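Visitor: Before we start, here is the structure in question, set down as structure tokens.
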Amino acid sequence: MKKPLYFFLPVLILIAWEITATFINNAFILPRLESILAVLLNPTATTYMMGTGSLIDNAKASIIRILLGFLLAAVIAIPLGIGMGRSEFVHEFFDSTIQILRPIPPLAWVPLTLAWFKIGITSIVFIIFIGAFFPILLNTIDGVRGIKKTWAEVAMNLGAHERQLMGKVILPGAAPTIWTGLRVGFGVAWMCVIAAEWLPGTTQGLGYLILYAYNFGQINVVVAGMVAIGLIGIGFDVLFKWVEKRWFGWRSLER
Amino acid sequence: MKNIANLSLRDVSKTFTSEKGEKIESLSSISLDIENEEFICLLGPSGCGKTTLLRIIAGLDRPSTGSINLDGYGIDRPNPQIVMIFQEYSLYPWRTVVANIGFGLELRKVPAQERHLIIKKYIEIVGLEGFENSYPYELSGGMRQRVAVARAIAVNPSILLMDEPFGALDAQTRNLLQQELLKIWEKTKKTIVFVTHSVDEAVYLADRIVVFTPRPGRICEVISEDSPRPRDRTSIEFAKVRRHVLDLINQPKCSLP
């Protein structure tokens, strides 16, 4: 390892945790590491899960929900953002509404969402949609506006029609910024899914699991669930960054 | 494809409306006939509207009055026979050299196999062998402009419009690219309309130098220069022509709007 200091603090925290846990000796407040690891290292076991399926099952439920809400947000926000970035008219038409809705935290939508969609997957997906929508939209608008005028003019001069201009200049030129929007949007959506799973009527998902486990006093499951949430979040972020480097590296290298 | 080009500008004027609502006349009544295979330099101070004129010929801007004809047909939109090369930042940073050069061919739906042959030919013409798969950010300013030139001539236009294409380069690179441009011009027989504010560049390159006044740009003089190429920048004849042009642009009729 080139940076030994990088993992120093996490190890220190683990040691401190274990010492304190042993000292307190109360698994309802601070469970021992081994009881947490027992949950994490058996992700397919249903032993600790109080009938919610395995850890993997719960993670899967959360990931499916987030993908639904996230993809829905992307499918609507990207075309709208391109329209707003390209046309002053479209921008003028939508901008006021977006500026009013944007500062409302996704979780503030929960009561209204329940009134509209009742309990169930629709409500959860809608909350995730709200969380992912605005970062994707705003970055798409930025990306399209950041297209150099010359790029479009070269294409028009060489005879590009509107569809070619869109497919060969606007989209690839804006793609790195749109991708950043997707990454940030996914991060927000991941936070939303956990909280959205606290809505009544949910029976599975990592968010549901940790609250449910708390009610049963299973703090080791709570912490294991939190670690799983963190790890999955990091996993997706790494994936997004890898694609960014692989496909959109030109943006940071361009002088 | 035969290169029959006869570009004629008749009374072309352009008036902009500024953000404050003022009318600004940028070009005033330009009339000019450009012959087939001619190398024309438009010479004038910054802001005299020579770039605007080039954009109008390229079909990117519309003239306020007047008309532009190519072989008798009016031009009011980009024409496949007329391709513009910009000063800088015109390459697509997400495309390799090859993909940049092939861009216009791709737009015109040239089949991939034929496209590769054409690209290969122009890579050689502009001397970029070995850089086929490089990205623009890996290239020097001079090499980028070679790519821009190759991309423009790859679609085989009859007229090339060049907007200070070497203006952002260092003097040595600029001289080298000027020499190579002349070679390409002799080889490919294009008509070239070249915008510059450098007297030296104009005298080195042009068959005819069209001198503009400051804004609103008018043509104050057209100088024919028929000395053989390659021209020697250090020769006495070259210095004489240069002197003549410089004297001219300092006269009131060229230096005042």
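Here, A, B, ... name the chains of the structure tokens in the order displayed, residue numbers run from 1 inside each chain, and ligands are numbered from 1 in the same displayed order.
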Hey, list the chain A side of the contact with chain B: 9 Å cut-off, only C-alpha atoms, answer as a list in words.
Guide: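 Interface list for chain A against chain B: Lys148, Lys149, Thr150, Trp151, Ala152, Glu153, Val154, Ala155, Met156, Asn157, Leu158, Gly159, Ala160, His161, Gln164, Lys168, Val169, Pro172, Gly173, Trp247, Phe248, Gly249, Trp250, Arg251, Leu253, Glu254 and Arg255 of chain A.
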Visitor: Report as an mmCIF file with C-alpha atoms, in the first residue's frame all protein, DNA and RNA residues lying within 7 Å of region 190-194 of chain A, evaluated on only C-alpha atoms, omitting residues in the same chain fewer than 5 positions from it.
Guide:
data_model
loop_
_atom_site.group_PDB
_atom_site.id
_atom_site.type_symbol
_atom_site.label_atom_id
_atom_site.label_comp_id
_atom_site.auth_asym_id
_atom_site.auth_seq_id
_atom_site.Cartn_x
_atom_site.Cartn_y
_atom_site.Cartn_z
ATOM 1 C CA SER A 62 -33.536 -1.372 -2.624
ATOM 2 C CA ILE A 66 -33.613 3.018 -6.991
ATOM 3 C CA ILE A 124 -41.076 4.997 -3.066
ATOM 4 C CA ILE A 127 -39.555 9.984 -3.963
ATOM 5 C CA ILE A 128 -36.434 8.587 -5.613
ATOM 6 C CA GLY A 131 -34.301 13.175 -5.620
ATOM 7 C CA LEU A 206 -32.111 -2.037 3.408
ATOM 8 C CA GLY A 207 -33.816 1.076 4.764
#
Visitor: From region 18-237 of chain A, collect each residue whose DSSP state is helix (DSSP H, G or I) and return the set as a PyMOL selection string.
Guide: chain A and resi 18-24+33-40+55-86+88-101+106-117+121-145+149-157+162-196+206-215+219-237
Visitor: Enter the distance from CA of Thr113 (chain A) to CA of Val188 (chain A), in Å, rounded to one decimal.
Guide: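 For CA of Thr113 (chain A) relative to CA of Val188 (chain A), the distance reads 17.7 Å.
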Visitor: Excluding Ile36 (chain A) and its own-chain neighbours fewer than 4 positions away, which residues fall within 8 Å of it when counting only C-alpha atoms? Please give them as a list in words.
Guide: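 The residues that qualify are Pro31, Arg32, Leu40, Asn220, Val221, Val223 and Ala224 of chain A.
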Visitor: Can those selected residues be exported to a file as a PDB file, in the first residue's frame so that it contains C-alpha atoms?
Guide:
ATOM      1  CA  PRO A  31     -22.792  -4.584  19.483  1.00  0.00           C
ATOM      2  CA  ARG A  32     -19.472  -6.426  19.231  1.00  0.00           C
ATOM      3  CA  LEU A  40     -22.231  -9.142   6.834  1.00  0.00           C
ATOM      4  CA  ASN A 220     -25.822  -5.555  15.066  1.00  0.00           C
ATOM      5  CA  VAL A 221     -28.209  -5.915  12.093  1.00  0.00           C
ATOM      6  CA  VAL A 223     -25.006  -1.493  11.837  1.00  0.00           C
ATOM      7  CA  ALA A 224     -24.491  -4.290   9.305  1.00  0.00           C
TER       8      ALA A 224
END
Visitor: So that I can check the secondary structure, give me every residue of region 132-240 of chain B assigned strand (DSSP E) by backbone DSSP, as number ranges by chain.
Guide: B: 159-163, 191-196, 208-212, 219-224
Visitor: May I have the selected residues written with N, CA and C atoms, as a PDB file, in the first residue's frame?
Guide:
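Full text of again12.pdb as output:
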ATOM      1  N   ILE B 159     -14.547  25.525 -52.668  1.00  0.00           N
ATOM      2  CA  ILE B 159     -14.092  26.772 -52.036  1.00  0.00           C
ATOM      3  C   ILE B 159     -13.785  26.544 -50.558  1.00  0.00           C
ATOM      4  N   LEU B 160     -12.601  26.987 -50.144  1.00  0.00           N
ATOM      5  CA  LEU B 160     -12.207  26.910 -48.733  1.00  0.00           C
ATOM      6  C   LEU B 160     -12.216  28.312 -48.150  1.00  0.00           C
ATOM      7  N   LEU B 161     -12.908  28.467 -47.040  1.00  0.00           N
ATOM      8  CA  LEU B 161     -12.888  29.747 -46.345  1.00  0.00           C
ATOM      9  C   LEU B 161     -12.035  29.573 -45.100  1.00  0.00           C
ATOM     10  N   MET B 162     -11.052  30.438 -44.918  1.00  0.00           N
ATOM     11  CA  MET B 162     -10.161  30.262 -43.771  1.00  0.00           C
ATOM     12  C   MET B 162     -10.152  31.532 -42.939  1.00  0.00           C
ATOM     13  N   ASP B 163     -10.582  31.394 -41.665  1.00  0.00           N
ATOM     14  CA  ASP B 163     -10.708  32.557 -40.789  1.00  0.00           C
ATOM     15  C   ASP B 163      -9.499  32.637 -39.850  1.00  0.00           C
ATOM     16  N   THR B 191     -10.428  26.996 -54.570  1.00  0.00           N
ATOM     17  CA  THR B 191     -10.466  28.441 -54.428  1.00  0.00           C
ATOM     18  C   THR B 191     -10.353  28.707 -52.924  1.00  0.00           C
ATOM     19  N   ILE B 192      -9.450  29.619 -52.530  1.00  0.00           N
ATOM     20  CA  ILE B 192      -9.298  29.880 -51.099  1.00  0.00           C
ATOM     21  C   ILE B 192      -9.581  31.348 -50.793  1.00  0.00           C
ATOM     22  N   VAL B 193     -10.448  31.577 -49.825  1.00  0.00           N
ATOM     23  CA  VAL B 193     -10.671  32.928 -49.310  1.00  0.00           C
ATOM     24  C   VAL B 193     -10.128  32.928 -47.892  1.00  0.00           C
ATOM     25  N   PHE B 194      -9.084  33.706 -47.671  1.00  0.00           N
ATOM     26  CA  PHE B 194      -8.289  33.610 -46.450  1.00  0.00           C
ATOM     27  C   PHE B 194      -8.345  34.950 -45.717  1.00  0.00           C
ATOM     28  N   VAL B 195      -8.865  34.936 -44.508  1.00  0.00           N
ATOM     29  CA  VAL B 195      -8.949  36.172 -43.724  1.00  0.00           C
ATOM     30  C   VAL B 195      -7.702  36.313 -42.856  1.00  0.00           C
ATOM     31  N   THR B 196      -7.103  37.487 -42.870  1.00  0.00           N
ATOM     32  CA  THR B 196      -5.928  37.707 -42.017  1.00  0.00           C
ATOM     33  C   THR B 196      -5.822  39.194 -41.671  1.00  0.00           C
ATOM     34  N   ARG B 208      -4.657  37.779 -54.952  1.00  0.00           N
ATOM     35  CA  ARG B 208      -5.214  39.120 -54.815  1.00  0.00           C
ATOM     36  C   ARG B 208      -5.444  39.409 -53.345  1.00  0.00           C
ATOM     37  N   ILE B 209      -5.087  40.621 -52.943  1.00  0.00           N
ATOM     38  CA  ILE B 209      -5.309  41.035 -51.561  1.00  0.00           C
ATOM     39  C   ILE B 209      -6.428  42.072 -51.556  1.00  0.00           C
ATOM     40  N   VAL B 210      -7.472  41.771 -50.801  1.00  0.00           N
ATOM     41  CA  VAL B 210      -8.592  42.697 -50.706  1.00  0.00           C
ATOM     42  C   VAL B 210      -8.453  43.443 -49.393  1.00  0.00           C
ATOM     43  N   VAL B 211      -8.198  44.754 -49.486  1.00  0.00           N
ATOM     44  CA  VAL B 211      -7.948  45.535 -48.274  1.00  0.00           C
ATOM     45  C   VAL B 211      -9.247  46.167 -47.787  1.00  0.00           C
ATOM     46  N   PHE B 212      -9.536  45.971 -46.488  1.00  0.00           N
ATOM     47  CA  PHE B 212     -10.766  46.492 -45.885  1.00  0.00           C
ATOM     48  C   PHE B 212     -10.462  47.734 -45.050  1.00  0.00           C
ATOM     49  N   ILE B 219     -14.513  47.670 -48.991  1.00  0.00           N
ATOM     50  CA  ILE B 219     -13.292  47.330 -49.726  1.00  0.00           C
ATOM     51  C   ILE B 219     -12.676  48.632 -50.183  1.00  0.00           C
ATOM     52  N   CYS B 220     -11.439  48.913 -49.761  1.00  0.00           N
ATOM     53  CA  CYS B 220     -10.857  50.179 -50.193  1.00  0.00           C
ATOM     54  C   CYS B 220      -9.885  49.957 -51.341  1.00  0.00           C
ATOM     55  N   GLU B 221      -9.404  48.732 -51.504  1.00  0.00           N
ATOM     56  CA  GLU B 221      -8.443  48.510 -52.585  1.00  0.00           C
ATOM     57  C   GLU B 221      -8.292  47.011 -52.812  1.00  0.00           C
ATOM     58  N   VAL B 222      -8.087  46.632 -54.063  1.00  0.00           N
ATOM     59  CA  VAL B 222      -7.774  45.242 -54.363  1.00  0.00           C
ATOM     60  C   VAL B 222      -6.420  45.225 -55.083  1.00  0.00           C
ATOM     61  N   ILE B 223      -5.471  44.487 -54.485  1.00  0.00           N
ATOM     62  CA  ILE B 223      -4.118  44.467 -55.038  1.00  0.00           C
ATOM     63  C   ILE B 223      -3.849  43.106 -55.659  1.00  0.00           C
ATOM     64  N   SER B 224      -3.447  43.095 -56.917  1.00  0.00           N
ATOM     65  CA  SER B 224      -3.083  41.830 -57.541  1.00  0.00           C
ATOM     66  C   SER B 224      -1.609  41.566 -57.299  1.00  0.00           C
TER      67      SER B 224
END
Visitor: Skipping near chain neighbours, those fewer than 4 positions away, what residues fall within 9 Å of Leu7 (chain B) using only C-alpha atoms, listed as a list in words?
Guide: Leu32, Asp33, Ile34, Glu35, Asn36, Ile68, Asn69, Leu70, Asp71, Gly72 and Ile159 of chain B
Visitor: So the first atom is CA of Trp109 (chain A) and the second is CA of Thr203 (chain A); what is the distance between them in Å, to one decimal place?
Guide: 20.8 Å
Visitor: May I have the residues within 8 Å of Thr65 (chain B) as a list in words, using only C-alpha atoms and disregarding those fewer than 2 positions away in the same chain?
Guide: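 So the residues in contact are Asp11, Val12, Ser13, Lys14, Pro63 and Ser67 of chain B.
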Visitor: Could you write those residues out with N, CA and C atoms, as a PDB file, in the first residue's frame?
Guide:
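So out_21.pdb came out as:
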ATOM      1  N   ASP B  11     -23.012  43.825 -53.404  1.00  0.00           N
ATOM      2  CA  ASP B  11     -23.599  44.786 -52.469  1.00  0.00           C
ATOM      3  C   ASP B  11     -23.929  44.195 -51.110  1.00  0.00           C
ATOM      4  N   VAL B  12     -23.043  43.366 -50.599  1.00  0.00           N
ATOM      5  CA  VAL B  12     -23.331  42.696 -49.337  1.00  0.00           C
ATOM      6  C   VAL B  12     -23.101  43.657 -48.159  1.00  0.00           C
ATOM      7  N   SER B  13     -24.125  43.844 -47.346  1.00  0.00           N
ATOM      8  CA  SER B  13     -23.996  44.642 -46.126  1.00  0.00           C
ATOM      9  C   SER B  13     -24.524  43.842 -44.960  1.00  0.00           C
ATOM     10  N   LYS B  14     -24.019  44.172 -43.771  1.00  0.00           N
ATOM     11  CA  LYS B  14     -24.515  43.492 -42.582  1.00  0.00           C
ATOM     12  C   LYS B  14     -24.645  44.506 -41.465  1.00  0.00           C
ATOM     13  N   PRO B  63     -26.763  37.984 -44.879  1.00  0.00           N
ATOM     14  CA  PRO B  63     -26.477  39.409 -45.092  1.00  0.00           C
ATOM     15  C   PRO B  63     -27.751  40.228 -44.868  1.00  0.00           C
ATOM     16  N   SER B  67     -26.424  40.049 -52.131  1.00  0.00           N
ATOM     17  CA  SER B  67     -26.561  38.623 -52.401  1.00  0.00           C
ATOM     18  C   SER B  67     -25.209  37.994 -52.700  1.00  0.00           C
TER      19      SER B  67
END
